Every structure is written in structure tokens, then in C-alpha cells.
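Colleague: Sharing a structure with you now.
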2 protein chains.
Amino acid sequence: MGTVVWWLVTVLVVAVHSASAAVIEEKWEVEYTFWWPDCKEGIVMAINGQFPGPTIDAVAGDRVIIHVTNKLFTEGVVIHWHGIRQIGTPWADGAAGVTQCAINPGETFTYNFTVDKAGTHFYHGHYGMQRSAGLYGMLIVRSPKEKLRYDGEFNMLLTDWWHQSVHSQELALSSRPMRWIGEPQSLLINGRGQHNCSQAAYFTKGGVRECTFKEKDQCAPQTLRVEPNRVYRLRIASSTALASLNLAVEGHQLEVVEADGNYVAPFTVNDIDIYSGETYSVLLRTHSFPSKIYWISVGVRGRKPNTPPALTVLNYVDAPDSDRPTHPPPVTPRWDDYDRSKAFSKKIFTAKGYPPPPEKSHDQLILLNTQNLIDNYTKWAINNVSLSVPATPYLGSIKYGIKSAYDLKSPGKTFTNDYDIMKPPANPNTKKGSGIYNFPSGIVVDVILQNANVLKGKISEIHPWHLHGHDFWVLGYGEGKFRRGIDEKTYNLKNPPLRNTVVVYPFGWTALRFVTDNPGVWFFHCHIEPHLHMGMGVVFAEGVNRIGKMDIPDEALGCGLTRKWLMNRGRR
Amino acid sequence: MGTVVWWLVTVLVVAVHSASAAVIEEKWEVEYTFWWPDCKEGIVMAINGQFPGPTIDAVAGDRVIIHVTNKLFTEGVVIHWHGIRQIGTPWADGAAGVTQCAINPGETFTYNFTVDKAGTHFYHGHYGMQRSAGLYGMLIVRSPKEKLRYDGEFNMLLTDWWHQSVHSQELALSSRPMRWIGEPQSLLINGRGQHNCSQAAYFTKGGVRECTFKEKDQCAPQTLRVEPNRVYRLRIASSTALASLNLAVEGHQLEVVEADGNYVAPFTVNDIDIYSGETYSVLLRTHSFPSKIYWISVGVRGRKPNTPPALTVLNYVDAPDSDRPTHPPPVTPRWDDYDRSKAFSKKIFTAKGYPPPPEKSHDQLILLNTQNLIDNYTKWAINNVSLSVPATPYLGSIKYGIKSAYDLKSPGKTFTNDYDIMKPPANPNTKKGSGIYNFPSGIVVDVILQNANVLKGKISEIHPWHLHGHDFWVLGYGEGKFRRGIDEKTYNLKNPPLRNTVVVYPFGWTALRFVTDNPGVWFFHCHIEPHLHMGMGVVFAEGVNRIGKMDIPDEALGCGLTRKWLMNRGRR
């Protein structure tokens, strides 16, 4: 394909909020609605009647004001702006129990924040498993001076879909014994998939049924209509609840140029892996054939798949709608070819122009994830603590010094030396807890995610971890147990990619570094929604002394002990 | 059967809260759990892991303190103490949006009230359709000096059960076009029923399948074990979402002695009708056969039934468990034999010893119910207003004078003279609204419930209306349209029954009277949960000037505009 990107390198990192910045203000109503995401009727969480929710299309520096009205019957709701760092506005991060109270039915909450730098992002529910219920949409922040050159662009929001309601899933996962929710019934591209049929059935005589959706059906795939000899930017985001994905475009290569809202040194591949919580921009150069049709295929990796790939097509301008691709769709790489997955991860470096990470860190966390039985409930724990998010949001209890709102004792900064990550967990002291990690402002923190064997069998799972409020540098990946004092020497301190989500591979570790330059309380958790529901997350409080002086709308804190505090403040 | 009751008539009405009164204090956790209510697995709302919730067994004058912790994932919850008048404690009535805010997940709310008089009551969820999800239980208040003589008693809580989740039902009813939820899959007695099989299949060779539950299964019926020649009190409550029921005990007559917590003049019947929201005590005198087994059958009336009767047995002491009744179960009277239903209603008079109602009323409401299309949503409306309960509870907005929290204009006190109740509705001005009726303290109010034709066909439905905070006198039932100034003359002012729930028959009217002696804000609504969900209710504010001085826990008002008010009061 050759390099289709020309870098005009100066300062890429910050597009300052300027006088010319616009305000994007919208009223959103969140409600359930019947929908046919995969040609079978189900119930989705829609925004203003749309599923997925409306795309926010902003320019770096813009102010985004979204008035979210909860039109659900009995459920609270919040919306997290995934990838937006919320500098100065931690209360707008939309993580229930961490940065705000859930919005009650019938009430309206206003998110008001600046999208300070360009990137491909998305937003989603962050309460219970409402993301999996379909509460998501794209959030595009354009650069006022885009360095990438392309002729057109497409958004591709990738998700997975279950026929079992999320209420039932939440209960299943929280039951004793735990009932696993199984693999998704369908994968969706921009909310559209096909269950129990295949668009490509004509290549496999017998067996799978040919899909019969009509063009205007809610499950009909959106075609990517392109012209020959052009360059297109595909903005791809994964908001899956569970599935790790691979995306390929038949007969075309993809040049990866952006990851999680940061430019990367361009590299060309036949397909990309994308984990839940990640976003990529890839450039696709079209061929000179004016009337061809090619498959775009999205399949499952990292777990033994039981879900057929999602398909749509790249349709060159002269190809009739009724035409179909003449070759079968690209085959998703073997789910357990982890070497291939790692090779992809290791191709990602920062683009030129970004400053390197600080050379040294001031603090280090080594976070061991284990699957545990606690009182016969199956839980995920980090350093022996399975996170139980309190009813009072941390941001509020810290601001007002309400010490009874959560466990004041921090979880351990590491785990015992003799823990064998290759065996089922032998840490019987695992507990549910709400303790958090505290960091002063302005320090450099390293986090090593340490994977381990699950409860049964010889298995370790993939976990994509997402940090709120920050980008971080991915310093490296390793096999087996992290060797403190040794493995640090392998860190890439020259051109590590800046991201907000990174995966830890089975039986391995992943190291990342960030600077505590954003006072607030930030969730850091596995982006697999059932895993988070089962306790797989931690919370970072940063610059606590500055939080006390921060302006936080009372409406963000109208629950639990902060409600009580605010109601009584005048009486003090 | 003869009269098995001896009335020691003095003052029956009030059992004063005395120094000897006990405190019943419990901690309840509300959570979803998998359950097999009708031998098919579903999800119920359980309390402390029990379904139905624990029975409260109190004595008149006791204080009941229930700490309700919401262990749901994303939903609020409240509990209404159905039949308890909450004198002086209107904030403890448990009607979301009316008397309190829903309790948020993870939070605890304490109900604290006195059960001032004896009676058979129950409690249930009063938010969304959580009652139908299984959030209910019995609430028995005993008299310290019980006038009824009996040897034993049984509680029978009757409910209906759907296999479709209430979340899905709520959405279906709120969709455009509305999707009706259909008839329940099963009827439950104390939370136990049998779907797709019959305990009495051995009487009907072929067709229906014999049930195969085991004795300890969650769906196995509870046997009523009795001794010969004894008198038993059956305390029967209906918390159905939809179904009107009829209960019969094979080979036994029932002497009705209590309705909705008030003694009635005893009368003997072969079966009783019971509508949602009603309770009855009946006395059953056992025969002298020591080893017989008889069916107890509960079937649907008032709607064309598509639900098989619920069955259990009355098992005399020497009858082996393995024995089965030798006769088929009693057959439920024809669903549309309304004359029979009315005949039952008209047998109910107050017991001797109760004072008669006031002879005159100071105010009169004539409440026409109509089914309407509003913006193509199917709604129920009262005098052209379909109730939309606001996010801020009325009790709080009234206490603090927050005038923007609801429609200040009251709905009409009657409807237009020329409205034809025999035809589909021609009231195109129907709107959603949150206006309420205001009454000063100490007056006598008459309410006439006026039934009418539904949207389509020549149909009028049964509606059991339940008033919170009060008992009322049922002054009479009539056919057709209430004739103001004429039909009042037919009122029974001598010995009308005191109740908290009363039915209005198809194409007819029902008149009731109450005294505004309980300052508060009281819901008055059709107890059919889908109907209430679709707007079939009104709200009475009573003694508003006294509400301002009332002690209402802040925790009851921590939502909407009252939250805001309370957070800012110190700043005023």
C-alpha cells in the first residue's frame, strides 16, 4: 500500500481550547425500545429512539454539553465518555459510584466537558451492565489541523449482542453458583448483525441459512460505499461486553494510524485485532476497479468462538446493490493463536512528534488478577480484593471527607512473592472491598497487570484494561510472572504507544506508565463487562487535596452519604 | 354452616397504641433471585432470599420498623404497606413518586410506622411493575382482644405470574402501538403454582399433563393441614397484577368475616370473589371425617380466562400425604357472570359496632375512567388526565412548596354531561398530567368511580380501586351512568362496609365516602398494575397546611427537586 500518511510533525498532543471552539449541546432521552439488532427482536437501550445512540461529531477544543434525561421506568443511568480525559471535570466522567450517582428515572443530568484533543472515541453506559444492553455510540473528535490525508471516512462501532436480557445476565453472574452467560448470539457492526443466518451462505452449500432481511430492516448491514483510487479512514471502536475481535477487509490492506485517540507510527496489516475498549483508525486505499464488492468481516478471537462473524460489504461506486462478493469472506485468524495477537500488539508504536514517557516512575503497582470463590460466589479480584463499588461515589466522599463511605485501607500494591500464576488460585483470603489507591499529583506511576490461571483448568483469559481520565504509555508485554527489578529493563521508553486501553495476555503481564496530572477519581478496570460486574477493577484517587477545592455539581452527588452531607451542610 | 362467630361488640375500631406495644424490627434485603414459582424457572424479587417475602405478624398498636436495603443492580425500590393507614407517617406509605423517592441500589431506607388496628393486610413493591415481579408478602395485624373464635389459621396470598419479565412488560405497555401483556401464565398461592400441568389431571383422561413436582420443590403447593370439627381462619389477600379471582374449597362453605382489615357482618358462601388489592378473612369449619382430602381452587373471573386455576388441598389430619382428592376441583364460576359477582359484593356489610358514615359529604368527585390514545400511546385516563407520576414525590413538593414539581392545576372534579359511557371514548383532549386533588382536613368526600367503554369493541373492564391512607365506606354500586342528585339517594348510609379497595363493574359506577382525617398525600388508583402503569390513578393531597409542619425524613425526599431544595436549604 505504501505510506499514505504524511506527518506534519510539530506539537500533536494538545489542541488548545480556543476562542473559536464550538459548543455542541444536545438533549438525550435514554429509554428502552424494541429493536431487531440481529434480525431477531429484542430490547435495547436507545437514545432519542436511536440504536446505537447518536454520533457526537466534535472538533478538538469544543465544549460538549449533553443533557441526559432518564426515561427508564425504575433504573438509574449514567454515560461514560470513553477516551475523554475530563481534565478539570472529573465529575463528568460518567462512572456510576465512582464519579457520580446514577441519574434517577425522570431526572436530567447535564454532562459538560471539553474534548481537548482529537481522536476516535465512543461513549457508553457505565452502570450495571447497561453497556451490553445497547447504551453506546461514537464520539468523534476531529483535529482542526488534521495531519492525516484521506478522502472519506466511516465509523464502525463493533459490539456483541445476547438474547438474554442484561437483567438476567447480571443475576446469572451474581448467583451462587455463578451461571456463565455464554458467548454472544451475534456480533454487530453499528448495531446491525444477523442471527441464525449468513449473508455469505451461498458459499457454503447446505448448512447455514441465507439471510432474508430487507434493505430497510434494522438488522440490514450498512454498506461502505467507496470510490476507486481513494483513501478512506475507518474509525473502528469496540464496545463489546465480552468478545475480542478481528476485523478484515477482503482484498485490502489496512494502515493503522491511530489507537485510542493517539496517532501511532503507521503500519500496514491484512487485519486488525481490537479488544473491548479500544479504538483504531485505519486507512484503506481503494483499488481502481469501479464495480467490485468486497466483504468486511468481524470475528471473535481470544475465546473459543461460538458466534458467527459479522459481515458487511465495501461496495465500489458502480457496483449494483444486488451484486454480491464473488469470494468468501476473510477467515478470522484462529482464536487461540496468541502469538499472532501479540505480534499485532507489538507493532504499535507512537507516532513521531509525541514526547517520550518520563524515564523513571515514582510508584509501582503490580496488579494480580485472580478468579476466586468468595462465599461461593464467583468473583474476580485484584490483589485479593474484588471491587464492590459503593453507593456513595468516591469523588464525592473524597471531596467532602466522608470516611465511612468506603474502605479507607488501600488494597495491596503487589501480591505475595510465592503466588503461582500458572495454577488455579490459592488465595483464600480474597474479599470483597471498596478500598482505592491514592496518588499525589504530579508523579509517575507504573502499573503492571499480571495475569494468572482461572479457578478451574489450565486457563488464563484475555483482559483489556481501560483507564479513565488518562492516556498511558504501554511500556511492554511479557510472559509469565513479572520479575520485579529485572523486567523493567525491557521497557520501551523510546516510542511506546499512548493508549487508554491495553490487553493483558494469558499467563503474561503488561506494563504501563502514566503521570498523575489530572486530579480526580479514576476507574481502572477490565473492560469486559461481566468481569467488571464480578469485581475486576480498581480505583485511583489522584491529587486528593485538589479535589476538595474542585467545583462539582451537587446533582452529581445526590445519593448515599454525599446526599446526606449536602442536605446537612447548611446546618453545620 | 351456622354462625361460628360471636361478636363481643364494644369499640372495634381503634386499638390504641399502648405502653405494652411491641416493636417489630427487621432488616430486609431486596434482590433478584432465580426461582421456580410455577415449576418453570424465572426471576423473582425476593426479600432476604424468600419468595414471597417474610410475613409480618404484628399486634395492633405495635411499631413496625423495617430497614429495607436495595440489593438490586440498577433499579430503585420501595415497599407499600397495603391497608396500613400511616396515620401521622404518610412518608412511610411506600408509593414511589407520591410519598417518597425510590431507594437507590446499595442504600437503605427505614420504614417506621404503627399498625394501629387489627386486620389482614399485605405489602408490595410500588415502583414500576415490581409488584408483578414478585415483591410482596403478608402483613397480619392481630387484635389484642380478638372477637373472632377459631382454632387455627392460614395465610393465602394470591398472585398471578408471567413468564415475560416485568421490564419487558413495562416496555410493551408503553410502546407505540401498545402491546398487551396477555393473561398470566399461572396463578400462585403463597408463591406456588404449576404451569403446563395439573394436579387434577387424573380427572381428565388425556389432554393436560399430570404435574411431577416433588414435595420440596419451590412450586409444590402448601397443603392446609386441618383437624376435624374445628374452625379455621383463612386470611386471603390478592396481590395479583391483573387477575380477578374466585376461591372455593371443595365440600366446605366459607363464612366471610373480614374485608380489607375491617370486620363485616358474617355471611356464608360457597366461594368468594377477590379482586387485586382486596383481603378477606373467611372462617372454615371442618367436617368430622378425619382422613379426607379436598381441593382448594383459585380461578380467574372478570376477564376471559386463559390461565388454569391454582390448586392446593385441605388435608385432614389422618389422610396420608400420598392420597389425592376423590372429586374434581370446584369449577370457577363463569368469568362473565357479573350478576353473580355483584351479588357477592352486595352481601358485604359492616359488622355491628362500627359507627355509620357521616350522613352528608362536603365534596364530590366523579371519576370517569377512559382508555385513550395519546400521541398513539394507549393510556388510561381519569377525567381526561392520564397520571404521569413526577420524579419529585408530591409529599415533598407540597411540604416544601416546590411548585414546579407537578401540574398545579387540578384535574376536573367530574366529566362532561354528554359523555356516552356505552361507546368507545370520544374525549380527544385527554392528556398526560400530574395534577392532584386537594382536600382540607376534616371534611367528608364522596368519590364516584364511573366505568365506561374501552377504546375498541363493546367492552368495559373491571377495575379494583385502592385508596392509600384511608378506609372508606362503600356506599353503593349502580348500573350505567351515575345520575347526580338522584343516585345519591340509593346510598347505603346504615351499614356500608369499610374497605380500602373496591371494584367498579363494567358500564357501572361505585360510590365511596371517606373523611379527610389523615394529613398526607394519598394515591388512589386502579390496583391492576398494567392499568396503573398506563396512567389509571389520581392523587389526593389532604390537610396540606399540616404537611408543612410534619416531620418527614430527608431520606424520603432525596430525589428530584426536593433533593435540590434540601441541599440548598442551609444557603437560604
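Going through the C-alpha cells in order, the chains are called A, B, and so on, while each chain numbers its residues from 1 and the ligands are numbered from 1 in the order shown.
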Within 6 Å of chain A, which residues of chain B are there when counting only C-alpha atoms? Please give them as an NGL selection string.
Modeller: :B and (73-76 or 106 or 128 or 391 or 566-567 or 570)
Colleague: What would the file look like if the residues just selected were written as a PDB file, in the first residue's frame with N, CA, C and O atoms?
Modeller:
```pdb
ATOM      1  N   PHE B  73     -29.367  -4.276  41.097  1.00  0.00           N
ATOM      2  CA  PHE B  73     -28.162  -3.772  40.447  1.00  0.00           C
ATOM      3  C   PHE B  73     -28.296  -2.321  39.983  1.00  0.00           C
ATOM      4  O   PHE B  73     -27.383  -1.526  40.153  1.00  0.00           O
ATOM      5  N   THR B  74     -29.409  -1.988  39.401  1.00  0.00           N
ATOM      6  CA  THR B  74     -29.553  -0.639  38.825  1.00  0.00           C
ATOM      7  C   THR B  74     -30.923  -0.019  39.107  1.00  0.00           C
ATOM      8  O   THR B  74     -31.168   1.110  38.706  1.00  0.00           O
ATOM      9  N   GLU B  75     -31.785  -0.738  39.793  1.00  0.00           N
ATOM     10  CA  GLU B  75     -33.164  -0.284  39.969  1.00  0.00           C
ATOM     11  C   GLU B  75     -33.434   0.227  41.369  1.00  0.00           C
ATOM     12  O   GLU B  75     -32.974  -0.355  42.353  1.00  0.00           O
ATOM     13  N   GLY B  76     -34.255   1.261  41.437  1.00  0.00           N
ATOM     14  CA  GLY B  76     -34.764   1.701  42.724  1.00  0.00           C
ATOM     15  C   GLY B  76     -35.848   0.753  43.218  1.00  0.00           C
ATOM     16  O   GLY B  76     -36.331  -0.111  42.484  1.00  0.00           O
ATOM     17  N   GLY B 106     -27.973  -0.159  46.715  1.00  0.00           N
ATOM     18  CA  GLY B 106     -26.916  -0.036  47.716  1.00  0.00           C
ATOM     19  C   GLY B 106     -27.322   0.767  48.938  1.00  0.00           C
ATOM     20  O   GLY B 106     -26.603   0.779  49.934  1.00  0.00           O
ATOM     21  N   GLY B 128     -42.649   1.139  39.269  1.00  0.00           N
ATOM     22  CA  GLY B 128     -42.714   0.375  38.023  1.00  0.00           C
ATOM     23  C   GLY B 128     -43.713  -0.753  38.208  1.00  0.00           C
ATOM     24  O   GLY B 128     -44.792  -0.558  38.794  1.00  0.00           O
ATOM     25  N   ALA B 391     -41.021  12.963  38.997  1.00  0.00           N
ATOM     26  CA  ALA B 391     -39.766  12.475  39.584  1.00  0.00           C
ATOM     27  C   ALA B 391     -39.606  12.943  41.031  1.00  0.00           C
ATOM     28  O   ALA B 391     -38.883  12.336  41.804  1.00  0.00           O
ATOM     29  N   LEU B 566     -33.465  20.478  49.544  1.00  0.00           N
ATOM     30  CA  LEU B 566     -32.848  20.113  50.817  1.00  0.00           C
ATOM     31  C   LEU B 566     -31.353  20.401  50.812  1.00  0.00           C
ATOM     32  O   LEU B 566     -30.775  20.768  51.833  1.00  0.00           O
ATOM     33  N   MET B 567     -30.724  20.249  49.642  1.00  0.00           N
ATOM     34  CA  MET B 567     -29.290  20.547  49.562  1.00  0.00           C
ATOM     35  C   MET B 567     -29.019  22.035  49.694  1.00  0.00           C
ATOM     36  O   MET B 567     -27.941  22.435  50.105  1.00  0.00           O
ATOM     37  N   GLY B 570     -29.751  25.259  53.620  1.00  0.00           N
ATOM     38  CA  GLY B 570     -28.845  25.971  54.515  1.00  0.00           C
ATOM     39  C   GLY B 570     -28.342  27.269  53.911  1.00  0.00           C
ATOM     40  O   GLY B 570     -27.824  28.132  54.603  1.00  0.00           O
TER      41      GLY B 570
END
```
Colleague: Looking only at the backbone, which of the residues in segment 386-565 of chain A does DSSP tag as strand (DSSP E or B), as a ChimeraX atom specification?
Modeller: /A:386-387,431-433,437-439,444-450,463-467,472-479,498-499,501-504,508-515,520-526,537-542
Colleague: For a quick check: superposing chain B on chain A using all C-alpha atoms in order, what RMSD comes out?
Modeller: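 Result: 0.0 Å C-alpha RMSD.
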Colleague: Could you list, as number ranges by chain, every residue within 12 Å of Lys399 of chain A, counting only C-alpha atoms and ignoring same-chain residues fewer than 3 positions away?
Modeller: A: 90-91, 99, 392-396, 402-403, 405, 519-521, 541-554, 557, 561-562, 565-566
Colleague: Can you list every residue in segment 130-359 of chain B that DSSP puts in alpha helix (DSSP H), as a list in words?
Modeller: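 Output for segment 130-359 of chain B, alpha helix (DSSP H) only: Val166, His167, Ser168, Gln169, Glu170, Leu171, Ala172, Leu173, Tyr338, Asp339, Arg340, Ser341, Lys342, Ala343, Phe344 and Ser345 of chain B.
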Colleague: What separation in Å, quoted to one decimal, exists between atom CA of Val208 of chain A and atom CA of Thr332 of chain A?
Modeller: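 Computing it gives 17.5 Å between the two atoms.
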Colleague: When you draw a straight line from atom CA of Leu368 of chain A to atom CA of Ile87 of chain A, how long is it in Å?
Modeller: 28.8 Å
Colleague: Tell me, as an MDAnalysis selection string, which residues lie within 9 Å of Thr212 of chain B, counting only C-alpha atoms; anything in the same chain fewer than 3 positions away does not count.
Modeller: chainID B and resid 197 199 209
Colleague: Write out as a PDB file with N, CA, C and O atoms, in the first residue's frame the residues lying within 7 Å of segment 131-148 of chain A, counting only C-alpha atoms and excluding same-chain residues fewer than 5 positions away.
Modeller:
```pdb
ATOM      1  N   VAL A   5       0.339   8.363   4.576  1.00  0.00           N
ATOM      2  CA  VAL A   5       0.252   9.413   5.590  1.00  0.00           C
ATOM      3  C   VAL A   5       1.476  10.302   5.519  1.00  0.00           C
ATOM      4  O   VAL A   5       2.590   9.825   5.408  1.00  0.00           O
ATOM      5  N   TRP A   6       1.249  11.543   5.551  1.00  0.00           N
ATOM      6  CA  TRP A   6       2.371  12.481   5.655  1.00  0.00           C
ATOM      7  C   TRP A   6       2.257  13.201   6.969  1.00  0.00           C
ATOM      8  O   TRP A   6       1.205  13.761   7.294  1.00  0.00           O
ATOM      9  N   TRP A   7       3.285  13.109   7.709  1.00  0.00           N
ATOM     10  CA  TRP A   7       3.240  13.703   9.040  1.00  0.00           C
ATOM     11  C   TRP A   7       3.796  15.110   9.011  1.00  0.00           C
ATOM     12  O   TRP A   7       4.913  15.332   8.611  1.00  0.00           O
ATOM     13  N   LEU A   8       2.999  16.016   9.414  1.00  0.00           N
ATOM     14  CA  LEU A   8       3.478  17.386   9.585  1.00  0.00           C
ATOM     15  C   LEU A   8       3.699  17.547  11.069  1.00  0.00           C
ATOM     16  O   LEU A   8       2.825  17.949  11.826  1.00  0.00           O
ATOM     17  N   VAL A  44     -33.466  -2.917  23.403  1.00  0.00           N
ATOM     18  CA  VAL A  44     -32.206  -2.183  23.516  1.00  0.00           C
ATOM     19  C   VAL A  44     -32.426  -0.915  24.325  1.00  0.00           C
ATOM     20  O   VAL A  44     -33.549  -0.424  24.465  1.00  0.00           O
ATOM     21  N   MET A  45     -31.336  -0.382  24.850  1.00  0.00           N
ATOM     22  CA  MET A  45     -31.357   0.956  25.430  1.00  0.00           C
ATOM     23  C   MET A  45     -31.048   1.923  24.313  1.00  0.00           C
ATOM     24  O   MET A  45     -29.942   1.909  23.756  1.00  0.00           O
ATOM     25  N   ALA A  46     -32.013   2.740  23.984  1.00  0.00           N
ATOM     26  CA  ALA A  46     -31.857   3.675  22.884  1.00  0.00           C
ATOM     27  C   ALA A  46     -31.695   5.086  23.422  1.00  0.00           C
ATOM     28  O   ALA A  46     -32.072   5.392  24.550  1.00  0.00           O
ATOM     29  N   PRO A  52     -27.515   2.238  17.485  1.00  0.00           N
ATOM     30  CA  PRO A  52     -26.820   2.852  18.619  1.00  0.00           C
ATOM     31  C   PRO A  52     -27.182   4.321  18.755  1.00  0.00           C
ATOM     32  O   PRO A  52     -27.817   4.896  17.877  1.00  0.00           O
ATOM     33  N   GLY A  53     -26.774   4.920  19.851  1.00  0.00           N
ATOM     34  CA  GLY A  53     -27.070   6.325  20.095  1.00  0.00           C
ATOM     35  C   GLY A  53     -26.442   7.229  19.041  1.00  0.00           C
ATOM     36  O   GLY A  53     -25.609   6.794  18.247  1.00  0.00           O
ATOM     37  N   PRO A  54     -26.840   8.506  19.033  1.00  0.00           N
ATOM     38  CA  PRO A  54     -26.339   9.442  18.026  1.00  0.00           C
ATOM     39  C   PRO A  54     -24.817   9.600  18.114  1.00  0.00           C
ATOM     40  O   PRO A  54     -24.241   9.536  19.185  1.00  0.00           O
ATOM     41  N   THR A  55     -24.205   9.809  16.963  1.00  0.00           N
ATOM     42  CA  THR A  55     -22.766  10.076  16.930  1.00  0.00           C
ATOM     43  C   THR A  55     -22.509  11.529  17.291  1.00  0.00           C
ATOM     44  O   THR A  55     -23.164  12.432  16.765  1.00  0.00           O
ATOM     45  N   ILE A  56     -21.583  11.724  18.212  1.00  0.00           N
ATOM     46  CA  ILE A  56     -21.134  13.091  18.510  1.00  0.00           C
ATOM     47  C   ILE A  56     -19.955  13.379  17.584  1.00  0.00           C
ATOM     48  O   ILE A  56     -19.005  12.605  17.522  1.00  0.00           O
ATOM     49  N   ASP A  57     -20.047  14.458  16.849  1.00  0.00           N
ATOM     50  CA  ASP A  57     -19.004  14.810  15.898  1.00  0.00           C
ATOM     51  C   ASP A  57     -18.481  16.193  16.268  1.00  0.00           C
ATOM     52  O   ASP A  57     -19.101  17.209  15.963  1.00  0.00           O
ATOM     53  N   ALA A  58     -17.352  16.216  16.950  1.00  0.00           N
ATOM     54  CA  ALA A  58     -16.830  17.460  17.520  1.00  0.00           C
ATOM     55  C   ALA A  58     -15.454  17.764  16.947  1.00  0.00           C
ATOM     56  O   ALA A  58     -14.867  16.958  16.234  1.00  0.00           O
ATOM     57  N   VAL A  59     -14.987  18.945  17.264  1.00  0.00           N
ATOM     58  CA  VAL A  59     -13.624  19.358  16.904  1.00  0.00           C
ATOM     59  C   VAL A  59     -12.874  19.599  18.216  1.00  0.00           C
ATOM     60  O   VAL A  59     -13.449  20.095  19.189  1.00  0.00           O
ATOM     61  N   ALA A  60     -11.608  19.219  18.216  1.00  0.00           N
ATOM     62  CA  ALA A  60     -10.818  19.388  19.435  1.00  0.00           C
ATOM     63  C   ALA A  60     -10.945  20.811  19.950  1.00  0.00           C
ATOM     64  O   ALA A  60     -10.832  21.769  19.183  1.00  0.00           O
ATOM     65  N   VAL A 115     -13.706  18.534  24.884  1.00  0.00           N
ATOM     66  CA  VAL A 115     -12.977  17.460  24.201  1.00  0.00           C
ATOM     67  C   VAL A 115     -11.657  18.082  23.744  1.00  0.00           C
ATOM     68  O   VAL A 115     -11.568  18.730  22.721  1.00  0.00           O
ATOM     69  N   ALA A 118      -7.958  15.675  19.603  1.00  0.00           N
ATOM     70  CA  ALA A 118      -8.603  14.911  18.545  1.00  0.00           C
ATOM     71  C   ALA A 118      -8.468  13.415  18.794  1.00  0.00           C
ATOM     72  O   ALA A 118      -7.510  12.952  19.416  1.00  0.00           O
ATOM     73  N   GLY A 119      -9.436  12.648  18.299  1.00  0.00           N
ATOM     74  CA  GLY A 119      -9.341  11.198  18.404  1.00  0.00           C
ATOM     75  C   GLY A 119     -10.665  10.520  18.127  1.00  0.00           C
ATOM     76  O   GLY A 119     -11.716  11.149  18.072  1.00  0.00           O
ATOM     77  N   THR A 120     -10.574   9.221  17.936  1.00  0.00           N
ATOM     78  CA  THR A 120     -11.752   8.390  17.717  1.00  0.00           C
ATOM     79  C   THR A 120     -12.138   7.779  19.055  1.00  0.00           C
ATOM     80  O   THR A 120     -11.371   7.043  19.658  1.00  0.00           O
ATOM     81  N   HIS A 121     -13.323   8.147  19.515  1.00  0.00           N
ATOM     82  CA  HIS A 121     -13.762   7.682  20.828  1.00  0.00           C
ATOM     83  C   HIS A 121     -15.182   7.143  20.732  1.00  0.00           C
ATOM     84  O   HIS A 121     -15.790   7.151  19.665  1.00  0.00           O
ATOM     85  N   PHE A 122     -15.709   6.724  21.862  1.00  0.00           N
ATOM     86  CA  PHE A 122     -17.113   6.336  21.912  1.00  0.00           C
ATOM     87  C   PHE A 122     -17.628   6.638  23.307  1.00  0.00           C
ATOM     88  O   PHE A 122     -16.887   7.107  24.167  1.00  0.00           O
ATOM     89  N   TYR A 123     -18.918   6.456  23.496  1.00  0.00           N
ATOM     90  CA  TYR A 123     -19.494   6.641  24.830  1.00  0.00           C
ATOM     91  C   TYR A 123     -20.365   5.437  25.121  1.00  0.00           C
ATOM     92  O   TYR A 123     -20.775   4.716  24.205  1.00  0.00           O
ATOM     93  N   HIS A 124     -20.644   5.215  26.382  1.00  0.00           N
ATOM     94  CA  HIS A 124     -21.457   4.041  26.738  1.00  0.00           C
ATOM     95  C   HIS A 124     -21.945   4.132  28.174  1.00  0.00           C
ATOM     96  O   HIS A 124     -21.396   4.877  28.981  1.00  0.00           O
ATOM     97  N   GLY A 125     -22.963   3.349  28.469  1.00  0.00           N
ATOM     98  CA  GLY A 125     -23.460   3.230  29.833  1.00  0.00           C
ATOM     99  C   GLY A 125     -22.378   2.652  30.733  1.00  0.00           C
ATOM    100  O   GLY A 125     -21.526   1.881  30.285  1.00  0.00           O
ATOM    101  N   HIS A 126     -22.404   3.044  31.991  1.00  0.00           N
ATOM    102  CA  HIS A 126     -21.392   2.542  32.932  1.00  0.00           C
ATOM    103  C   HIS A 126     -22.047   2.288  34.280  1.00  0.00           C
ATOM    104  O   HIS A 126     -21.551   2.726  35.312  1.00  0.00           O
ATOM    105  N   LEU A 157     -18.718   0.921  14.763  1.00  0.00           N
ATOM    106  CA  LEU A 157     -18.824   0.617  16.195  1.00  0.00           C
ATOM    107  C   LEU A 157     -19.151  -0.866  16.318  1.00  0.00           C
ATOM    108  O   LEU A 157     -20.209  -1.312  15.863  1.00  0.00           O
ATOM    109  N   VAL A 166     -30.006  -8.158  29.943  1.00  0.00           N
ATOM    110  CA  VAL A 166     -28.882  -7.883  30.845  1.00  0.00           C
ATOM    111  C   VAL A 166     -29.297  -8.036  32.305  1.00  0.00           C
ATOM    112  O   VAL A 166     -28.465  -8.362  33.149  1.00  0.00           O
ATOM    113  N   ALA A 241     -19.213  -6.322  25.102  1.00  0.00           N
ATOM    114  CA  ALA A 241     -19.273  -6.688  26.509  1.00  0.00           C
ATOM    115  C   ALA A 241     -18.217  -7.744  26.817  1.00  0.00           C
ATOM    116  O   ALA A 241     -17.654  -7.772  27.907  1.00  0.00           O
TER     117      ALA A 241
END
```
Colleague: Name the residues in contact with segment 255-272 of chain A at a cut-off of 7 Å, using only C-alpha atoms, excluding same-chain residues fewer than 4 positions from it; report them as a list in words.
Modeller: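 Answer for this query is Gly83, Ala118, Gly119, Thr120, His121, Asn246, Leu247, Ala248, Glu278, Thr279, Tyr280, Ser281, Val282, Leu283, Leu284, Ile348, Phe349, Thr350, Ala351, Lys352, Pro497, Leu498, Arg499 and Asn500 of chain A.
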Colleague: For Arg179 of chain B, which of B:Arg334, B:Lys379, B:Lys216, B:His527 is the closest residue, counting only C-alpha atoms?
Modeller: B:Lys379
Colleague: Write out as a PyMOL selection string each polymer residue whose atoms come within 9 Å of Val331 of chain A, counting only C-alpha atoms; drop sequence neighbours fewer than 2 positions from it.
Modeller: chain A and resi 248+297+299+309+328-329+333-334
Colleague: When you count only C-alpha atoms, which of these residues is closest to Gln194 of chain B: B:Gly535, B:Gly469, B:Pro221, B:Pro530?
Modeller: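 Once distances to Gln194 of chain B are computed over only C-alpha atoms, the minimum belongs to B:Pro221.
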